[in-house]
Protein chains: 2
Amino acid sequence: MMKIVEGSIAKPKGFLATGLHCGIKESADSLDLGVVISEQPAVSAAVYTTNLFQAAPLHVTKQSIEKNEGKLQAVIVNSGNANACTGDRGWNDAQAMQQAVGEAFSIPTEMVGVASTGVIGEYLPMDKIQAGIRQLPPHVSEQSGPLFSKAILTTDLVEKTICVELSIDGQTITIAGAAKGSGMIHPNMATMLSFITTDAAIEPVFLQQILKKATDESFNMITVDGDTSTNDMVVVLANGLASNVMLTEQHPQAEAFYEALCFVMQDLAKKIARDGEGATKLIEVEVRQAPSIEAARQIAKSVIGSSLVKTAVYGADANWGRIICAVGYSGAQINPDLVDVLLGEIQVVKASFPVPFDEGLAKDYLEQENVKIVIDLHSGIEGAVAWGCDLTYDYVKINASYRT
Amino acid sequence: MMKIVEGSIAKPKGFLATGLHCGIKESADSLDLGVVISEQPAVSAAVYTTNLFQAAPLHVTKQSIEKNEGKLQAVIVNSGNANACTGDRGWNDAQAMQQAVGEAFSIPTEMVGVASTGVIGEYLPMDKIQAGIRQLPPHVSEQSGPLFSKAILTTDLVEKTICVELSIDGQTITIAGAAKGSGMIHPNMATMLSFITTDAAIEPVFLQQILKKATDESFNMITVDGDTSTNDMVVVLANGLASNVMLTEQHPQAEAFYEALCFVMQDLAKKIARDGEGATKLIEVEVRQAPSIEAARQIAKSVIGSSLVKTAVYGADANWGRIICAVGYSGAQINPDLVDVLLGEIQVVKASFPVPFDEGLAKDYLEQENVKIVIDLHSGIEGAVAWGCDLTYDYVKINASYRT
């Protein structure tokens with residue numbers, strides 16, 4: 001019933017967006033300021049990094065959503081500077097961004113969410129940002145939506161967007177998403193930002209509930225390098241213009257909406273993992289027959305996070321010992337005698353014991369761009385999937401010289 | 001009172017050792033089988049990996065120490081093959097190694113500890129190993145001790161040994177250690193082996209207690225890549241030939257012995273971290289004024305384990321934002337407004353806020369071979385130190401092609 005369609009974050013009814021270069025980044029070709037705005041206030045929900053050092057814009061966004069009883073009308077995002085570890089001045093700057101957007105678009109200040117990504121510990125160049133914000137209003141449109149996806153990127157190589165449609169109460173509902181993130185990516189909202197718009201009508205508490213649940217099955221199941229950043233957030237705006245019956249837990253199509261939202265978020269999460277700094281491959285780890293969802297997730301994350309597994313996949317080396325090893329130190333309590341491991345369809349371990357396999361076939365499989373590792377624990381009925389990428393020379397290159 | 005002296009694992013009174021090439025490794029120059037033996041049964045203690053998949057030799061060693069009420073007389077070690085995930089045949093092979101050593105040296109089988117390190121999931125070439133063991137007896141001596149340190153290495157670039165002397169009850173006590181490990185190194189006994197010999201007389205339960213405590217302050221505080229292996233162990237043999245009064249908790253010089261043991265273990269731990277796969281630098285992270293030892297250790301390990309911190313140090317980039325970020329996601333509950341960060345003597349963050357510093361000086365400091373990061377939490381009286389290394393192109397190179 002759900003289908004993928006062409007379209008940016010500004011595709012759902014009543015949303016407009018754009019992006020421009022205001023001067024935070026040096027190159028005039030690099031967009032560094034983006035806005036998404038709804039024609040009317042939208043029901044909003046958000047999840048934030050678990051890092052103790054939360055950047056100023058997260059606090060400002062959180063306060064605004066609370067103040068408006070779950071509504072926002074616009075989100076302003078800058079890239080190139082995280083406005084993190086910037087103390088009171090950082091707070092003031094995030095609030096000044098909010099105010100400037102309110103004035104530029106003639107909407108209440110507290111209806112504006114704020115997000116930042118980039119270097120930690122430097123002050124925002126507020127003169128450039130404020131001048132940039134003043135230039136935004138004439139440019140927002142559905143057509144400019146793709147510029148928003150560009151403006152939120154840092155070391156990302158590709159834009160990450162997705163748009164789906166489904167029918168609820170006979171109305172076409174559109175859900176669109178844009179995300180950024182390629183380093184400092186780890187379960188629990190690691191340096192990544194994601195913005196999701198929909199024209200669905202939905203009750204705010206229910207939206208927050210399903211956003212949290214879908215985050216646990218998408219963004220919280222990816223890792224690039226195990227670092228959880230100060231600035232991560234996912235914000236959903238739902239402006240209700242599709243005129244469906246208000247979605248709540250009781251709505252007969254609540255599940256269909258949840259699945260579409262989860263699909264959008266998993267798609268963005270996989271795109272982030274695939275674009276991990278220096279990555280050449282997307283790795284998917286599926287854990288089957290686990291005693292609990294927690295155990296399944298712990299093991300999936302442990303394997304996807306192992307530097308030794310990541311380098312082995314980069315080298316197309318069927319080194320299943322490293323996979324077993326990462327299962328063993330995950331912290332999940334499982335029976336260590338029952339574990340099967342498959343690389344794609346190729347079984348390499350049965351009941352925790354090596355089975356003969358064709359090394360050439362395994363190498364061919366691991367040389368593909370999408371690699372799947374299956375771990376069957378034979379210890380229950382739960383499962384989990386995590387995504388990550390290989391660890392390459394280029395990861396080191398990018399991160400040995402990011403700031404300077 | 002304690003002093004560092006020249007000497008191998010065979011330096012303490014009554015210990016002999018050697019190493020040779022038996023053919024597990026391809027190159028005839030690479031030693032792959034080592035033994036250390038005491039003239040008389042020695043009080044023994046050991047700690048093992050926390051990985052659920054413990055390799056066969058660990059079980060065999062553990063059983064032997066228990067069977068002998070805390071005594072061993074020899075330890076046999078092979079490198080090049082971990083004898084892990086090898087099922088019943090792996091058990092039989094580990095026991096066959098034990099038996100062959102017992103026969104070769106005419107000591108009871110269960111007086112022999114066994115350790116293996118190398119590739120996971122392949123069977124040991126027992127014919128080569130048994131032939132090798134038969135060749136060992138004529139070669140064990142104090143002079144051959146350095147060959148043992150060579151025989152236990154895998155991807156290590158350098159041998160890791162240390163020897164100290166101290167006086168207890170007017171007797172000279174010697175403690176010597178040899179270790180291996182350069183990848184899969186992470187708190188909780190990650191692929192590393194360490195063997196410690198001493199001629200001290202010590203009560204077995206007390207030895208086990210202080211070994212555990214010293215492990216928490218040394219080997220459990222290093223990380224190379226966050227992977228905890230299936231084969232790690234630390235074994236101490238204390239043969240009592242120094243004729244001191246039996247060391248127990250009540251002995252007036254118990255603390256001095258503990259400190260010497262801890263020094264030996266920390267020295268080996270640092271040597272392992274410095275020899276981390278591809279490493280060019282030793283990084284030390286010291287956490288000060290923490291609310292608890294657990295919080296201090298959690299934060300020290302989180303920072304030393306961050307790929308982003310490790311690549312920044314490799315690139316000599318004073319990117320303190322990544323340090324603060326790793327403090328924030330460590331899981332330790334601290335006040336996020338009071339944190340100071342120093343690179344050596346150079347303060348870069350005060351009360352969680354950037355302070356101006358000389359970038360040139362910081363770069364010079366980070367270009368040194370030994371880099372120290374100090375994190376002062378201003379939230380208590382506890383502290384911890386962790387050691388690790390930078391993350392470099394060579395780490396990727398080594399691990400993308402280790403097995404094949």
# chains A, B, ... in the order shown; residues from 1 in each chain; ligands from 1
>>> closest_atom_pairs(of="chain B", to="chain A", cutoff="8 Å", atoms="only C-alpha atoms", output="Markdown table")
| residue | atom | partner | partner_atom | distance |
| --- | --- | --- | --- | --- |
| B:Thr50 | CA | A:Tyr329 | CA | 7.0 |
| B:Asn51 | CA | A:Tyr329 | CA | 4.6 |
| B:Leu52 | CA | A:Gly328 | CA | 4.5 |
| B:Phe53 | CA | A:Gly328 | CA | 5.4 |
| B:Cys85 | CA | A:Phe353 | CA | 5.8 |
| B:Thr86 | CA | A:Phe353 | CA | 6.4 |
| B:Gly87 | CA | A:Phe353 | CA | 6.6 |
| B:Val119 | CA | A:Gly321 | CA | 7.6 |
| B:Ile120 | CA | A:Gly321 | CA | 5.1 |
| B:Gly121 | CA | A:Pro354 | CA | 6.1 |
| B:Glu122 | CA | A:Pro354 | CA | 7.9 |
| B:Met184 | CA | A:Leu308 | CA | 7.4 |
| B:Asp225 | CA | A:Ser307 | CA | 6.2 |
| B:Gly226 | CA | A:Ser306 | CA | 7.1 |
| B:Asp227 | CA | A:Ser306 | CA | 6.5 |
| B:Thr228 | CA | A:Tyr329 | CA | 6.1 |
| B:Ser229 | CA | A:Cys325 | CA | 6.1 |
| B:Thr230 | CA | A:Cys325 | CA | 6.3 |
| B:Ser306 | CA | A:Asp227 | CA | 6.5 |
| B:Ser307 | CA | A:Asp225 | CA | 6.2 |
| B:Leu308 | CA | A:Asn399 | CA | 6.5 |
| B:Thr311 | CA | A:Ala400 | CA | 4.7 |
| B:Ala312 | CA | A:Ala400 | CA | 4.8 |
| B:Val313 | CA | A:Ala400 | CA | 7.4 |
| B:Tyr314 | CA | A:Ala400 | CA | 6.0 |
| B:Gly315 | CA | A:Ala400 | CA | 4.2 |
| B:Ala316 | CA | A:Ala400 | CA | 7.6 |
| B:Asp317 | CA | A:Thr404 | CA | 6.8 |
| B:Asn319 | CA | A:Arg403 | CA | 6.7 |
| B:Gly321 | CA | A:Ile120 | CA | 5.1 |
| B:Arg322 | CA | A:Ile120 | CA | 7.8 |
| B:Ile324 | CA | A:Phe53 | CA | 7.7 |
| B:Cys325 | CA | A:Ser229 | CA | 6.1 |
| B:Ala326 | CA | A:Asp227 | CA | 6.8 |
| B:Gly328 | CA | A:Leu52 | CA | 4.5 |
| B:Tyr329 | CA | A:Asn51 | CA | 4.6 |
| B:Pro336 | CA | A:Phe53 | CA | 6.2 |
| B:Ser352 | CA | A:Cys85 | CA | 6.5 |
| B:Phe353 | CA | A:Cys85 | CA | 5.8 |
| B:Pro354 | CA | A:Gly121 | CA | 6.1 |
| B:Leu391 | CA | A:Val396 | CA | 6.9 |
| B:Thr392 | CA | A:Val396 | CA | 5.9 |
| B:Tyr393 | CA | A:Tyr393 | CA | 5.1 |
| B:Val396 | CA | A:Thr392 | CA | 5.9 |
| B:Lys397 | CA | A:Tyr393 | CA | 7.5 |
| B:Asn399 | CA | A:Thr311 | CA | 5.6 |
| B:Ala400 | CA | A:Gly315 | CA | 4.2 |
| B:Ser401 | CA | A:Gly315 | CA | 5.9 |
| B:Arg403 | CA | A:Asn319 | CA | 6.8 |
| B:Thr404 | CA | A:Asp317 | CA | 6.8 |
>>> residues_around(residues="Gln289 of chain A", least_positions_apart="6", cutoff="8 Å", atoms="only C-alpha atoms", output="list in words")
Asp376, Leu377, His378, Ser379, Gly380, Ile381, Glu382 and Gly383 of chain A
>>> residues_around(residues="Leu153 of chain B", least_positions_apart="2", cutoff="7 Å", atoms="only C-alpha atoms", output="ChimeraX atom specification")
/B:79,150-151,155-156,180
>>> residues_around(residues="segment 233-246 of chain A", least_positions_apart="5", cutoff="8 Å", atoms="only C-alpha atoms", output="VMD selection string")
chain A and resid 13 to 14 38 40 to 49 58 71 to 73 115 168 to 173 189 192 to 203 211 251
>>> residues_around(residues="Val75 of chain A", least_positions_apart="2", cutoff="8 Å", atoms="only C-alpha atoms", output="ChimeraX atom specification")
/A:35-37,72-73,77,112-115
>>> write_last_selection(atoms="N, CA and C atoms", output="mmCIF file, in the first residue's frame")
data_model
loop_
_atom_site.group_PDB
_atom_site.id
_atom_site.type_symbol
_atom_site.label_atom_id
_atom_site.label_comp_id
_atom_site.auth_asym_id
_atom_site.auth_seq_id
_atom_site.Cartn_x
_atom_site.Cartn_y
_atom_site.Cartn_z
ATOM 1 N N VAL A 35 16.149 25.873 5.938
ATOM 2 C CA VAL A 35 14.924 26.030 6.715
ATOM 3 C C VAL A 35 13.832 25.168 6.099
ATOM 4 N N VAL A 36 12.991 24.613 6.966
ATOM 5 C CA VAL A 36 11.777 23.958 6.485
ATOM 6 C C VAL A 36 10.633 24.600 7.266
ATOM 7 N N ILE A 37 9.545 24.933 6.554
ATOM 8 C CA ILE A 37 8.468 25.660 7.195
ATOM 9 C C ILE A 37 7.126 25.104 6.719
ATOM 10 N N LEU A 72 5.384 22.958 16.345
ATOM 11 C CA LEU A 72 6.392 23.844 15.764
ATOM 12 C C LEU A 72 5.872 24.208 14.377
ATOM 13 N N GLN A 73 6.377 25.297 13.820
ATOM 14 C CA GLN A 73 5.971 25.625 12.452
ATOM 15 C C GLN A 73 7.161 25.617 11.498
ATOM 16 N N VAL A 77 18.272 25.176 10.435
ATOM 17 C CA VAL A 77 19.434 24.307 10.649
ATOM 18 C C VAL A 77 20.669 24.957 10.042
ATOM 19 N N VAL A 112 9.692 28.035 16.266
ATOM 20 C CA VAL A 112 10.856 27.691 15.443
ATOM 21 C C VAL A 112 11.778 26.721 16.193
ATOM 22 N N GLY A 113 12.046 25.561 15.605
ATOM 23 C CA GLY A 113 13.042 24.642 16.142
ATOM 24 C C GLY A 113 14.414 24.994 15.581
ATOM 25 N N VAL A 114 15.469 24.670 16.324
ATOM 26 C CA VAL A 114 16.825 25.019 15.893
ATOM 27 C C VAL A 114 17.711 23.780 15.966
ATOM 28 N N ALA A 115 18.527 23.575 14.941
ATOM 29 C CA ALA A 115 19.488 22.465 14.956
ATOM 30 C C ALA A 115 20.810 22.948 14.367
#
>>> atom_distance(atom1="atom CA of Ala256 of chain A", atom2="atom CA of Lys11 of chain A")
19.6 Å
>>> select_by_dssp(residues="segment 14-236 of chain A", states="strand (DSSP E or B)", output="ChimeraX atom specification")
/A:15-20,33-48,71-81,112-119,141,160-168,171-180,193-198,202,222-223,233-236
>>> residues_around(residues="Val287 of chain A", least_positions_apart="2", cutoff="7 Å", atoms="only C-alpha atoms", output="MDAnalysis selection string")
chainID A and resid 285 290 296 300 374:376 383:385
>>> write_last_selection(atoms="all heavy atoms", output="mmCIF file, in the first residue's frame")
data_model
loop_
_atom_site.group_PDB
_atom_site.id
_atom_site.type_symbol
_atom_site.label_atom_id
_atom_site.label_comp_id
_atom_site.auth_asym_id
_atom_site.auth_seq_id
_atom_site.Cartn_x
_atom_site.Cartn_y
_atom_site.Cartn_z
ATOM 1 N N VAL A 285 23.676 -6.304 9.975
ATOM 2 C CA VAL A 285 23.797 -7.450 10.880
ATOM 3 C C VAL A 285 22.413 -7.807 11.379
ATOM 4 O O VAL A 285 21.734 -6.973 11.983
ATOM 5 C CB VAL A 285 24.718 -7.138 12.077
ATOM 6 C CG1 VAL A 285 24.718 -8.309 13.072
ATOM 7 C CG2 VAL A 285 26.140 -6.863 11.609
ATOM 8 N N ALA A 290 16.753 -14.722 19.204
ATOM 9 C CA ALA A 290 17.394 -14.263 20.438
ATOM 10 C C ALA A 290 16.416 -14.406 21.603
ATOM 11 O O ALA A 290 15.206 -14.402 21.406
ATOM 12 C CB ALA A 290 17.811 -12.809 20.291
ATOM 13 N N ALA A 296 19.155 -9.248 21.419
ATOM 14 C CA ALA A 296 19.329 -9.202 19.968
ATOM 15 C C ALA A 296 19.993 -7.882 19.559
ATOM 16 O O ALA A 296 20.933 -7.854 18.764
ATOM 17 C CB ALA A 296 17.978 -9.357 19.275
ATOM 18 N N ALA A 300 23.677 -7.347 17.896
ATOM 19 C CA ALA A 300 23.750 -6.723 16.576
ATOM 20 C C ALA A 300 24.656 -5.493 16.622
ATOM 21 O O ALA A 300 25.510 -5.283 15.752
ATOM 22 C CB ALA A 300 22.351 -6.348 16.091
ATOM 23 N N VAL A 374 24.387 -12.695 9.174
ATOM 24 C CA VAL A 374 23.265 -13.222 9.947
ATOM 25 C C VAL A 374 23.814 -14.024 11.117
ATOM 26 O O VAL A 374 24.708 -14.858 10.949
ATOM 27 C CB VAL A 374 22.365 -14.123 9.078
ATOM 28 C CG1 VAL A 374 21.235 -14.720 9.916
ATOM 29 C CG2 VAL A 374 21.806 -13.345 7.898
ATOM 30 N N ILE A 375 23.287 -13.743 12.303
ATOM 31 C CA ILE A 375 23.693 -14.476 13.505
ATOM 32 C C ILE A 375 22.438 -15.102 14.096
ATOM 33 O O ILE A 375 21.527 -14.388 14.523
ATOM 34 C CB ILE A 375 24.355 -13.520 14.516
ATOM 35 C CG1 ILE A 375 25.639 -12.953 13.901
ATOM 36 C CG2 ILE A 375 24.647 -14.220 15.841
ATOM 37 C CD1 ILE A 375 26.040 -11.625 14.444
ATOM 38 N N ASP A 376 22.374 -16.414 14.075
ATOM 39 C CA ASP A 376 21.194 -17.107 14.596
ATOM 40 C C ASP A 376 21.578 -17.736 15.927
ATOM 41 O O ASP A 376 22.463 -18.593 15.992
ATOM 42 C CB ASP A 376 20.732 -18.167 13.587
ATOM 43 C CG ASP A 376 19.341 -18.684 13.931
ATOM 44 O OD1 ASP A 376 19.005 -18.737 15.135
ATOM 45 O OD2 ASP A 376 18.593 -19.025 12.993
ATOM 46 N N GLY A 383 14.371 -10.761 17.532
ATOM 47 C CA GLY A 383 15.410 -10.447 16.551
ATOM 48 C C GLY A 383 15.698 -8.962 16.517
ATOM 49 O O GLY A 383 14.996 -8.165 17.145
ATOM 50 N N ALA A 384 16.755 -8.582 15.802
ATOM 51 C CA ALA A 384 17.083 -7.166 15.624
ATOM 52 C C ALA A 384 18.008 -7.037 14.424
ATOM 53 O O ALA A 384 18.683 -7.994 14.035
ATOM 54 C CB ALA A 384 17.768 -6.603 16.866
ATOM 55 N N VAL A 385 17.988 -5.861 13.835
ATOM 56 C CA VAL A 385 18.859 -5.578 12.700
ATOM 57 C C VAL A 385 19.624 -4.294 12.999
ATOM 58 O O VAL A 385 19.054 -3.331 13.504
ATOM 59 C CB VAL A 385 18.045 -5.401 11.400
ATOM 60 C CG1 VAL A 385 18.969 -5.131 10.226
ATOM 61 C CG2 VAL A 385 17.188 -6.623 11.132
#
>>> select_by_dssp(residues="segment 91-276 of chain B", states="helix (DSSP H, G or I)", output="PyMOL selection string")
chain B and resi 91-105+109-111+126-135+137-139+145-151+204-216+219-221+254-274
>>> atom_distance(atom1="atom CA of Ala55 of chain B", atom2="atom CA of Ile323 of chain A")
14.7 Å
>>> residues_around(residues="segment 125-134 of chain A", least_positions_apart="3", cutoff="8 Å", atoms="only C-alpha atoms", output="PyMOL selection string")
chain A and resi 20-24+33+93+97+100-101+104+137
>>> atom_distance(atom1="atom CA of Pro57 of chain B", atom2="atom CA of Leu31 of chain B")
19.2 Å
>>> closest_residue(among="B:Arg274, B:Ser141, B:Gly7, B:Pro12", to="Val158 of chain B", atoms="only C-alpha atoms")
B:Arg274
>>> closest_residue(among="B:Phe206, B:Trp91, B:Phe219, B:Phe357", to="Cys262 of chain B", atoms="only C-alpha atoms")
B:Phe219
